[in-house]
Amino acid sequence: MDVTFSEDASSLDIDVVALPIAAGEALDGPALALDRTVDGLIGNALRAREHRGRLHEVLPLPVGGRQLVRRVLLYGLGAPDDLDGQRMRFAHHEMVRAARSYGYRRLGVVCSGAVGREHLGDVVEGCVLGTWDRRGWEGGGGLGLQELRLVGFGDGREDEAALARLLGEATNRARDWQQAPGNAFGPDELCQVGADIARRHGLELEVLGEGELEAEGCRLLLAVGRGSDRPTRLLRLHYHGAPGRSRTLALLGKGITFDSGGLSLKSTAGMETMRGDMAGAAAVLAAIDVIAERRMPVEVMAVVPAAENLTGASAQRVGDVWRSASGKTVEIVDTDCEGRLALADAITVAIRRGATHLVDLATLTGTAARALGHAATPALSSDPALWQLVQGAAQAAGERIWPLPVYPEYRTLLRSPSADLRNSGYGEASTIIAGMFLQEFTEGRPWVHLDIAASSWNDNSQLGSIPRGPLGSGTRTCVRLAELFAAEGR
């Protein structure tokens, strides 16, 4: 897809010009100029309330012989006060999907009204996200646009548009990996994705097999994969963009390629989206691909514990006690709380390999949906400075995160009568305490935890403001975090 610029929508030789309409706002600037070109067609439609600016509302208007463009497409942004980066991107996501349904492949977007010049990145990322296809994991190439013309956004902004396109494409790759079925995408396939990224960019690559994991003491991770005949792996990529610096950011992504719950078996309905239980891994791998492509001056590693959680004869049992790579012992209260086990050992490996700052992304708890729903990501942090960076990165990425408190009283709920810690059975505040379980393995390093269990995949058909299916959450936040981390280290 070519991203090009123009300052005038009236003479574009293009399939359709898309015009944003916010609820209650009048036409201004470029929109008024376009309306004059089409003899007031747009203003007439708005006055007749054929389009009211409701979120995702789309109205194609035939232009006839008035100009080269075939159609004007009005698309709604909803109430201006409700617009943030996430809603702006998702509005353009749905607009592109509507445009593609009409067969339009050469699309212009007008900078007008609530969509100002400062929203260039939001617009490009949202439009790229809208080209995603559920069958993309098969290599189908998505619902591609041939051209995206940005009208009225100013000159000399090609680099901004190029980065926004990269971010959108990276998020779509993460969505592809989330969507891939478990029979086609296991731990080895996930590691192959990492190997391909490492080869393209010359990154340091480490893949630990089961023998190496045993030698590292990663018995929590190995316990998760015991029920599957697919071997467990730990993947680590290291991008050396600032080798003289003492700070290394580790992005850790949970890579459970299918989660049945183990012997604490999920229901059939509970397994429907469990191909996407590796959403954290997808996000950090897609992010380090962009970080390396952009040659950012930063030290970053992506660490992915990869396993299947199944119910084979060797599967771990409720009541088992395992010793982690850190030396701490863990009692298994629920085998369906496996992500925290895998990440605990991954954190230890990352620290052993030189990580000074830790950010993990994981589909960790079902209660994340009860806490914040699919519209935002719950977060925990041990360090205010790192949290400020992550928060700023998420804002720049148009992804919502919300901090939860880490109260000392909750630590008592992690205790086990037969081990140092237990992996479940906390009774309350489970999204918080599951994150605090991971904190026990950080050895005092600055740490942020993002629980993307609900925000990475929307299966709520009533939540129309958010696209259905996998969302690639966290990908853009990780890239923006690397930018901020690099800037802070200069």
# chains A, B, ... in the order shown; residues from 1 in each chain; ligands from 1
>>> residues_around(residues="Gly474 of chain A", least_positions_apart="3", cutoff="9 Å", atoms="only C-alpha atoms", output="MDAnalysis selection string")
chainID A and resid 171 279:280 283:284 287 361 394 397 399 450 452 456 477:479
>>> write_last_selection(atoms="C-alpha atoms", output="PDB file, in the first residue's frame")
ATOM      1  CA  THR A 171      -0.028  -5.097  14.919  1.00  0.00           C
ATOM      2  CA  ALA A 279      -0.933 -12.815  22.454  1.00  0.00           C
ATOM      3  CA  GLY A 280       1.852 -11.477  24.677  1.00  0.00           C
ATOM      4  CA  ALA A 283       3.121  -8.515  20.653  1.00  0.00           C
ATOM      5  CA  VAL A 284       6.760  -8.580  21.784  1.00  0.00           C
ATOM      6  CA  ALA A 287       7.497  -5.085  18.352  1.00  0.00           C
ATOM      7  CA  LEU A 361       2.607  -8.854  28.504  1.00  0.00           C
ATOM      8  CA  ALA A 394       0.585   3.507  25.570  1.00  0.00           C
ATOM      9  CA  ALA A 397       0.226   4.089  20.721  1.00  0.00           C
ATOM     10  CA  GLU A 399      -3.777   1.797  23.716  1.00  0.00           C
ATOM     11  CA  LEU A 450       0.282  -5.708  31.430  1.00  0.00           C
ATOM     12  CA  ILE A 452      -3.919  -8.300  28.107  1.00  0.00           C
ATOM     13  CA  SER A 456      -6.042  -8.669  23.207  1.00  0.00           C
ATOM     14  CA  THR A 477       3.053   0.234  23.081  1.00  0.00           C
ATOM     15  CA  CYS A 478       6.232  -1.885  23.155  1.00  0.00           C
ATOM     16  CA  VAL A 479       7.663  -0.043  20.138  1.00  0.00           C
TER      17      VAL A 479
END
>>> select_by_dssp(residues="segment 207-424 of chain A", states="strand (DSSP E or B)", output="number ranges by chain")
A: 207-208, 233-240, 249-253, 255-259, 299-309, 321-323, 329-331, 357-362, 377-381, 401-403, 421-422
>>> atom_distance(atom1="atom CA of Glu428 of chain A", atom2="atom CA of Leu413 of chain A")
8.8 Å
>>> residues_around(residues="Ala26 of chain A", least_positions_apart="4", cutoff="9 Å", atoms="only C-alpha atoms", output="compact mmCIF listing (two decimals) with all heavy atoms, in the first residue's frame")
# COMPACT_ATOMS: atom_id res chain seq x y z
N ILE A 21 -16.81 12.60 10.17
CA ILE A 21 -17.91 13.42 10.70
C ILE A 21 -18.08 13.07 12.17
O ILE A 21 -18.39 11.94 12.52
CB ILE A 21 -19.23 13.16 9.95
CG1 ILE A 21 -19.08 13.39 8.45
CG2 ILE A 21 -20.34 14.01 10.53
CD1 ILE A 21 -18.83 14.82 8.06
N ALA A 22 -17.86 14.04 13.04
CA ALA A 22 -18.10 13.86 14.46
C ALA A 22 -19.52 14.32 14.80
O ALA A 22 -20.03 15.27 14.18
CB ALA A 22 -17.08 14.62 15.29
N GLY A 43 -23.27 18.61 2.65
CA GLY A 43 -24.07 19.41 3.57
C GLY A 43 -25.53 19.04 3.53
O GLY A 43 -26.21 18.99 4.58
N LEU A 46 -26.10 15.90 5.54
CA LEU A 46 -26.03 16.13 6.98
C LEU A 46 -27.27 16.87 7.48
O LEU A 46 -27.81 16.54 8.55
CB LEU A 46 -24.76 16.92 7.32
CG LEU A 46 -23.43 16.21 7.03
CD1 LEU A 46 -22.26 17.11 7.40
CD2 LEU A 46 -23.33 14.88 7.76
N GLY A 113 -12.34 18.71 10.69
CA GLY A 113 -13.11 18.57 11.92
C GLY A 113 -12.29 17.98 13.05
O GLY A 113 -11.21 18.48 13.39
>>> residues_around(residues="Asn309 of chain A", least_positions_apart="5", cutoff="10 Å", atoms="only C-alpha atoms", output="list in words")
Ala223, Val224, Gly225, Arg226, Gly227, Ser228, Thr232, Ile256, Thr257, Phe258, Asp259, Ser260, Gly261, Gly262, Leu263, Leu265, Ala315, Gln316, Thr335, Asp336, Cys337, Glu338 and Gly339 of chain A
>>> select_by_dssp(residues="segment 60-303 of chain A", states="alpha helix (DSSP H)", output="VMD selection string")
chain A and resid 85 to 101 120 to 129 158 to 179 187 to 201 210 to 216 219 to 224 268 to 271 279 to 293
>>> residues_around(residues="segment 246-248 of chain A", least_positions_apart="3", cutoff="10 Å", atoms="only C-alpha atoms", output="ChimeraX atom specification")
/A:238-240,242-243,251,298-301,350-351,353-358,485-486,489
>>> atom_distance(atom1="atom CA of Asp35 of chain A", atom2="atom CA of Val17 of chain A")
11.6 Å
>>> atom_distance(atom1="atom CA of Tyr426 of chain A", atom2="atom CA of Leu404 of chain A")
16.4 Å
>>> closest_residue(among="A:Val448, A:Met271, A:Ala454, A:Leu19", to="Arg468 of chain A", atoms="only C-alpha atoms")
A:Ala454
>>> residues_around(residues="Ala419 of chain A", least_positions_apart="2", cutoff="8 Å", atoms="only C-alpha atoms", output="list in words")
Val321, Thr329, Val330, Glu331, Arg415, Ser416, Pro417, Leu421 and Arg422 of chain A
>>> write_last_selection(atoms="N, CA and C atoms", output="JSON list (two decimals), in the first residue's frame")
[["chain", "number", "residue", "atom", "x", "y", "z"],
["A", 321, "VAL", "N", 4.30, -29.63, 43.58],
["A", 321, "VAL", "CA", 5.19, -28.54, 43.99],
["A", 321, "VAL", "C", 6.42, -28.59, 43.09],
["A", 329, "THR", "N", 9.94, -22.20, 45.46],
["A", 329, "THR", "CA", 9.04, -23.31, 45.17],
["A", 329, "THR", "C", 7.61, -22.80, 45.05],
["A", 330, "VAL", "N", 6.84, -23.50, 44.20],
["A", 330, "VAL", "CA", 5.46, -23.09, 43.90],
["A", 330, "VAL", "C", 4.55, -24.30, 43.99],
["A", 331, "GLU", "N", 3.47, -24.16, 44.77],
["A", 331, "GLU", "CA", 2.43, -25.18, 44.82],
["A", 331, "GLU", "C", 1.41, -24.92, 43.71],
["A", 415, "ARG", "N", 0.92, -16.96, 49.90],
["A", 415, "ARG", "CA", 1.61, -17.99, 50.69],
["A", 415, "ARG", "C", 0.96, -19.35, 50.54],
["A", 416, "SER", "N", 1.80, -20.37, 50.65],
["A", 416, "SER", "CA", 1.34, -21.76, 50.58],
["A", 416, "SER", "C", 1.87, -22.51, 51.80],
["A", 417, "PRO", "N", 1.08, -23.44, 52.33],
["A", 417, "PRO", "CA", 1.58, -24.22, 53.46],
["A", 417, "PRO", "C", 2.66, -25.22, 53.06],
["A", 421, "LEU", "N", 5.28, -20.22, 47.47],
["A", 421, "LEU", "CA", 4.17, -19.50, 46.83],
["A", 421, "LEU", "C", 3.14, -20.51, 46.33],
["A", 422, "ARG", "N", 1.93, -20.03, 46.09],
["A", 422, "ARG", "CA", 0.94, -20.84, 45.38],
["A", 422, "ARG", "C", 0.50, -20.09, 44.13]]
>>> closest_residue(among="A:Asp176, A:Asp155, A:Glu440, A:Glu214", to="Leu343 of chain A", atoms="only C-alpha atoms")
A:Glu440
>>> closest_residue(among="A:Ala396, A:Leu129, A:Pro467, A:Leu310", to="Gly85 of chain A", atoms="only C-alpha atoms")
A:Ala396
>>> closest_residue(among="A:Ile433, A:Ala393, A:Leu145, A:Ile332", to="Thr365 of chain A", atoms="only C-alpha atoms")
A:Ile433
>>> residues_around(residues="segment 380-391 of chain A", least_positions_apart="4", cutoff="9 Å", atoms="only C-alpha atoms", output="MDAnalysis selection string")
chainID A and resid 357:359 395:396 400:406 432 435:436 439 444:451 477:478 480:481 484:485
>>> closest_residue(among="A:Val38, A:Ala487, A:Ala269, A:Ala250", to="Thr442 of chain A", atoms="only C-alpha atoms")
A:Ala250
>>> closest_residue(among="A:Glu158, A:Asp334, A:Glu147, A:Glu293", to="Val318 of chain A", atoms="only C-alpha atoms")
A:Asp334
